[in-house]
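Below: query_26.txt (compact mmCIF, N, CA and C atoms)
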```txt
# COMPACT_ATOMS: atom_id res chain seq x y z
N PHE A 1 46.07 11.38 58.49
CA PHE A 1 46.71 12.22 57.50
C PHE A 1 47.70 11.41 56.69
N THR A 2 47.97 11.84 55.50
CA THR A 2 48.92 11.14 54.65
C THR A 2 50.31 11.72 54.81
N SER A 3 51.26 11.15 54.12
CA SER A 3 52.64 11.61 54.23
C SER A 3 52.85 12.98 53.59
N THR A 4 51.90 13.49 52.81
CA THR A 4 52.07 14.81 52.21
C THR A 4 51.77 15.93 53.20
N ILE A 5 51.22 15.61 54.35
CA ILE A 5 50.93 16.59 55.39
C ILE A 5 51.99 16.45 56.47
N PRO A 6 52.65 17.55 56.84
CA PRO A 6 53.71 17.47 57.84
C PRO A 6 53.23 16.89 59.17
N ALA A 7 54.17 16.37 59.95
CA ALA A 7 53.83 15.76 61.24
C ALA A 7 53.26 16.79 62.22
N THR A 8 53.64 18.05 62.07
CA THR A 8 53.06 19.12 62.88
C THR A 8 52.60 20.23 61.94
N CYS A 9 51.36 20.58 62.04
CA CYS A 9 50.83 21.67 61.23
C CYS A 9 49.58 22.22 61.91
N THR A 10 49.01 23.26 61.33
CA THR A 10 47.79 23.84 61.88
C THR A 10 46.58 23.32 61.12
N PHE A 11 45.46 23.29 61.81
CA PHE A 11 44.25 22.78 61.17
C PHE A 11 43.03 23.55 61.65
N ALA A 12 41.96 23.43 60.89
CA ALA A 12 40.64 23.94 61.26
C ALA A 12 39.61 22.90 60.83
N ILE A 13 38.49 22.91 61.49
CA ILE A 13 37.40 22.00 61.15
C ILE A 13 36.29 22.84 60.52
N VAL A 14 35.86 22.46 59.32
CA VAL A 14 34.80 23.17 58.61
C VAL A 14 33.63 22.20 58.44
N ILE A 15 32.45 22.66 58.82
CA ILE A 15 31.24 21.83 58.73
C ILE A 15 30.31 22.43 57.69
N GLU A 16 29.83 21.61 56.77
CA GLU A 16 28.79 22.00 55.82
C GLU A 16 27.65 21.00 55.95
N SER A 17 26.47 21.48 56.25
CA SER A 17 25.33 20.60 56.44
C SER A 17 24.18 21.07 55.55
N ARG A 18 23.64 20.14 54.79
CA ARG A 18 22.52 20.45 53.89
C ARG A 18 21.41 19.44 54.13
N MET A 19 20.20 19.96 54.15
CA MET A 19 19.01 19.12 54.27
C MET A 19 19.09 18.18 55.48
N ASN A 20 19.65 18.70 56.59
CA ASN A 20 19.75 17.92 57.81
C ASN A 20 19.69 18.89 58.98
N SER A 21 18.64 18.80 59.77
CA SER A 21 18.51 19.68 60.92
C SER A 21 18.81 18.97 62.24
N SER A 22 19.08 17.67 62.19
CA SER A 22 19.29 16.93 63.43
C SER A 22 20.76 16.89 63.86
N MET A 23 21.68 17.22 62.96
CA MET A 23 23.11 17.20 63.32
C MET A 23 23.48 18.55 63.93
N ASN A 24 24.12 18.50 65.09
CA ASN A 24 24.57 19.70 65.77
C ASN A 24 26.03 19.95 65.40
N LYS A 25 26.31 21.09 64.76
CA LYS A 25 27.67 21.39 64.30
C LYS A 25 28.66 21.42 65.46
N ARG A 26 28.26 21.97 66.59
CA ARG A 26 29.14 22.05 67.76
C ARG A 26 29.57 20.64 68.21
N VAL A 27 28.65 19.70 68.20
CA VAL A 27 28.97 18.33 68.61
C VAL A 27 29.97 17.70 67.64
N ILE A 28 29.78 17.92 66.35
CA ILE A 28 30.71 17.38 65.35
C ILE A 28 32.10 17.97 65.56
N ILE A 29 32.18 19.27 65.76
CA ILE A 29 33.48 19.92 65.97
C ILE A 29 34.15 19.36 67.22
N GLU A 30 33.40 19.18 68.29
CA GLU A 30 33.97 18.64 69.53
C GLU A 30 34.46 17.20 69.33
N LEU A 31 33.70 16.39 68.61
CA LEU A 31 34.11 15.00 68.38
C LEU A 31 35.39 14.90 67.55
N VAL A 32 35.44 15.67 66.46
CA VAL A 32 36.63 15.66 65.61
C VAL A 32 37.81 16.27 66.37
N GLY A 33 37.56 17.34 67.12
CA GLY A 33 38.61 17.98 67.91
C GLY A 33 39.22 17.04 68.93
N GLU A 34 38.39 16.21 69.56
CA GLU A 34 38.89 15.23 70.54
C GLU A 34 39.86 14.24 69.88
N LEU A 35 39.60 13.89 68.63
CA LEU A 35 40.48 12.98 67.91
C LEU A 35 41.84 13.61 67.62
N MET A 36 41.88 14.93 67.58
CA MET A 36 43.12 15.64 67.24
C MET A 36 44.00 15.92 68.46
N VAL A 37 43.45 15.76 69.66
CA VAL A 37 44.21 16.02 70.89
C VAL A 37 45.40 15.08 70.97
N GLY A 38 46.57 15.65 71.22
CA GLY A 38 47.78 14.84 71.39
C GLY A 38 48.44 14.43 70.09
N THR A 39 48.00 14.98 68.96
CA THR A 39 48.58 14.58 67.67
C THR A 39 49.72 15.47 67.24
N GLY A 40 49.90 16.63 67.90
CA GLY A 40 50.92 17.58 67.48
C GLY A 40 50.40 18.64 66.55
N TYR A 41 49.14 18.53 66.15
CA TYR A 41 48.51 19.53 65.30
C TYR A 41 47.86 20.59 66.18
N THR A 42 47.92 21.84 65.76
CA THR A 42 47.33 22.92 66.53
C THR A 42 46.24 23.62 65.71
N VAL A 43 45.30 24.22 66.42
CA VAL A 43 44.17 24.88 65.77
C VAL A 43 44.57 26.27 65.29
N ASN A 44 44.16 26.60 64.07
CA ASN A 44 44.32 27.93 63.51
C ASN A 44 43.10 28.18 62.65
N LEU A 45 42.19 29.01 63.12
CA LEU A 45 40.93 29.21 62.42
C LEU A 45 41.02 30.24 61.30
N LYS A 46 42.07 31.08 61.31
CA LYS A 46 42.19 32.13 60.28
C LYS A 46 42.85 31.63 59.00
N LYS A 47 43.98 30.94 59.12
CA LYS A 47 44.69 30.45 57.93
C LYS A 47 45.36 29.11 58.25
N PRO A 48 44.57 28.06 58.37
CA PRO A 48 45.14 26.75 58.69
C PRO A 48 45.87 26.16 57.48
N GLU A 49 46.85 25.33 57.76
CA GLU A 49 47.55 24.63 56.69
C GLU A 49 46.68 23.50 56.13
N VAL A 50 45.82 22.94 56.99
CA VAL A 50 44.96 21.82 56.61
C VAL A 50 43.56 22.08 57.14
N VAL A 51 42.55 21.76 56.34
CA VAL A 51 41.17 21.85 56.79
C VAL A 51 40.59 20.44 56.83
N ILE A 52 39.94 20.13 57.93
CA ILE A 52 39.19 18.88 58.03
C ILE A 52 37.75 19.25 57.71
N MET A 53 37.30 18.85 56.53
CA MET A 53 35.98 19.21 56.03
C MET A 53 35.01 18.06 56.34
N VAL A 54 33.94 18.39 57.05
CA VAL A 54 32.87 17.43 57.34
C VAL A 54 31.63 17.94 56.62
N GLN A 55 31.13 17.14 55.69
CA GLN A 55 29.93 17.51 54.94
C GLN A 55 28.83 16.51 55.22
N VAL A 56 27.65 17.05 55.55
CA VAL A 56 26.49 16.21 55.85
C VAL A 56 25.40 16.57 54.85
N LEU A 57 24.89 15.56 54.16
CA LEU A 57 23.78 15.74 53.22
C LEU A 57 22.72 14.70 53.58
N LYS A 58 21.61 15.16 54.07
CA LYS A 58 20.56 14.30 54.59
C LYS A 58 21.15 13.40 55.66
N ASN A 59 21.25 12.10 55.42
CA ASN A 59 21.79 11.18 56.43
C ASN A 59 23.15 10.61 56.01
N ILE A 60 23.83 11.28 55.10
CA ILE A 60 25.15 10.83 54.63
C ILE A 60 26.20 11.83 55.10
N CYS A 61 27.32 11.31 55.60
CA CYS A 61 28.39 12.16 56.09
C CYS A 61 29.69 11.82 55.35
N GLY A 62 30.39 12.85 54.91
CA GLY A 62 31.69 12.68 54.27
C GLY A 62 32.73 13.51 55.00
N ILE A 63 33.94 12.99 55.10
CA ILE A 63 35.03 13.69 55.76
C ILE A 63 36.22 13.73 54.81
N SER A 64 36.79 14.94 54.64
CA SER A 64 37.96 15.11 53.79
C SER A 64 39.02 15.89 54.55
N VAL A 65 40.27 15.63 54.23
CA VAL A 65 41.39 16.41 54.76
C VAL A 65 41.97 17.17 53.56
N ILE A 66 41.91 18.50 53.61
CA ILE A 66 42.26 19.33 52.46
C ILE A 66 43.41 20.27 52.82
N PRO A 67 44.62 19.99 52.33
CA PRO A 67 45.71 20.95 52.54
C PRO A 67 45.51 22.17 51.65
N GLY A 68 45.84 23.36 52.15
CA GLY A 68 45.76 24.58 51.34
C GLY A 68 44.36 25.00 50.97
N TYR A 69 43.39 24.66 51.78
CA TYR A 69 41.98 24.96 51.49
C TYR A 69 41.74 26.45 51.26
N HIS A 70 42.31 27.30 52.12
CA HIS A 70 42.11 28.74 51.98
C HIS A 70 42.87 29.30 50.79
N ASP A 71 44.01 28.69 50.44
CA ASP A 71 44.76 29.11 49.25
C ASP A 71 43.97 28.83 47.98
N MET A 72 43.08 27.85 48.04
CA MET A 72 42.24 27.49 46.89
C MET A 72 40.90 28.21 46.94
N HIS A 73 40.86 29.33 47.66
CA HIS A 73 39.65 30.15 47.75
C HIS A 73 38.46 29.35 48.27
N ARG A 74 38.74 28.50 49.24
CA ARG A 74 37.70 27.66 49.87
C ARG A 74 36.96 26.83 48.84
N MET A 75 37.71 26.36 47.85
CA MET A 75 37.19 25.49 46.79
C MET A 75 36.12 26.19 45.94
N ASN A 76 36.18 27.52 45.85
CA ASN A 76 35.21 28.30 45.09
C ASN A 76 35.85 28.70 43.75
N ILE A 77 35.41 28.07 42.69
CA ILE A 77 36.00 28.29 41.37
C ILE A 77 35.80 29.74 40.92
N GLN A 78 34.62 30.31 41.17
CA GLN A 78 34.35 31.69 40.74
C GLN A 78 35.32 32.66 41.41
N SER A 79 35.56 32.47 42.70
CA SER A 79 36.47 33.34 43.43
C SER A 79 37.89 33.23 42.89
N ALA A 80 38.33 32.03 42.58
CA ALA A 80 39.68 31.81 42.04
C ALA A 80 39.80 32.47 40.65
N CYS A 81 38.77 32.34 39.83
CA CYS A 81 38.79 32.95 38.50
C CYS A 81 38.78 34.47 38.59
N ASP A 82 38.00 35.02 39.52
CA ASP A 82 37.96 36.47 39.70
C ASP A 82 39.33 37.01 40.07
N GLN A 83 40.04 36.31 40.94
CA GLN A 83 41.37 36.77 41.35
C GLN A 83 42.33 36.71 40.17
N GLN A 84 42.22 35.66 39.37
CA GLN A 84 43.08 35.55 38.18
C GLN A 84 42.84 36.72 37.23
N LEU A 85 41.57 37.08 37.02
CA LEU A 85 41.23 38.18 36.12
C LEU A 85 41.74 39.52 36.67
N GLN A 86 41.62 39.72 37.97
CA GLN A 86 42.07 40.96 38.58
C GLN A 86 43.58 41.13 38.53
N SER A 87 44.30 40.00 38.64
CA SER A 87 45.76 40.08 38.63
C SER A 87 46.31 40.07 37.19
N GLY A 88 45.45 39.87 36.21
CA GLY A 88 45.84 39.89 34.80
C GLY A 88 46.51 38.62 34.33
N LYS A 89 46.32 37.52 35.04
CA LYS A 89 46.93 36.25 34.62
C LYS A 89 46.00 35.48 33.71
```

Full structure transcribed into structure tokens:
Amino acid sequence: FTSTIPATCTFAIVIESRMNSSMNKRVIIELVGELMVGTGYTVNLKKPEVVIMVQVLKNICGISVIPGYHDMHRMNIQSACDQQLQSGK
């Protein structure tokens, strides 16, 4: 994590897999979770401060650490725009 993420915060692991049936999501979550043991970060699946995003496309894997993921409507532009329209902003 970078200095913009507090030394203690909550996190969740989100897995997105496309065009890959050989990767087991449970195994990925367990592997990433093992790395987080003893770091001072705690799991919060409902509203984490930070999301560890693991994306698999065919045989390529990318990992991102995203603060405020749920505040950004899970990176869904349509959802964010809909909320703006509903609130009149």

Checklist outcome for this item: Atom pair atom C of Arg26 of chain A + atom CA of Thr42 of chain A, distance 18.0 Å

Next on the checklist: Show me, as a PyMOL selection string, the residues that have an atom within 6 Å of Tyr41 of chain A when counting only N, CA and C atoms, minus same-chain residues fewer than 3 positions from it.
Outcome noted: chain A and resi 7-11+38

Checklist entry - Which residue gives the smallest distance to Ile5 of chain A among A:Gln78, A:Ser87, A:Met72, A:Pro67, with only N, CA and C atoms counted? => result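 Of the candidates, the smallest distance to Ile5 of chain A is held by A:Pro67.
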
I'd like the box whose edges run along x, y and z of the file and which contains every listed atom of segment 53-71 of chain A, padded by 3 Å per side; could you state its centre and edge lengths in Å, one decimal, as lines of an AutoDock Vina configuration file?
```
center_x = 33.2
center_y = 20.0
center_z = 52.7
size_x = 31.3
size_y = 24.7
size_z = 15.4
```

Item to check | Distance of atom CA of Thr39 of chain A from atom N of Glu16 of chain A, expressed in Å to one decimal place | outcome: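 Computing the Euclidean distance for atom N of Glu16 of chain A and atom CA of Thr39 of chain A yields 22.8 Å.
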
Checklist entry - Can you list, as a ChimeraX atom specification, every protein, DNA or RNA residue that comes within 6.5 Å of segment 52-61 of chain A when you count only N, CA and C atoms, leaving out same-chain residues fewer than 6 positions away? => result /A:11-20

Next on the checklist: For a test of reading the model, state the distance in Å between atom N of Lys47 of chain A and atom CA of Leu85 of chain A, rounded to one decimal.
Outcome noted: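 Those two atoms sit 24.3 Å apart.
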
Checklist entry - Can you list, as a ChimeraX atom specification, every residue of segment 38-82 of chain A that DSSP puts in strand (DSSP E)? => result /A:42-43,50-57,60-67

Checklist entry - Taking the backbone alone, and naming residues the way the document does, which bits of chain A are alpha helix (DSSP H) by DSSP, as a PyMOL selection string? => result chain A and resi 25-36+77-87
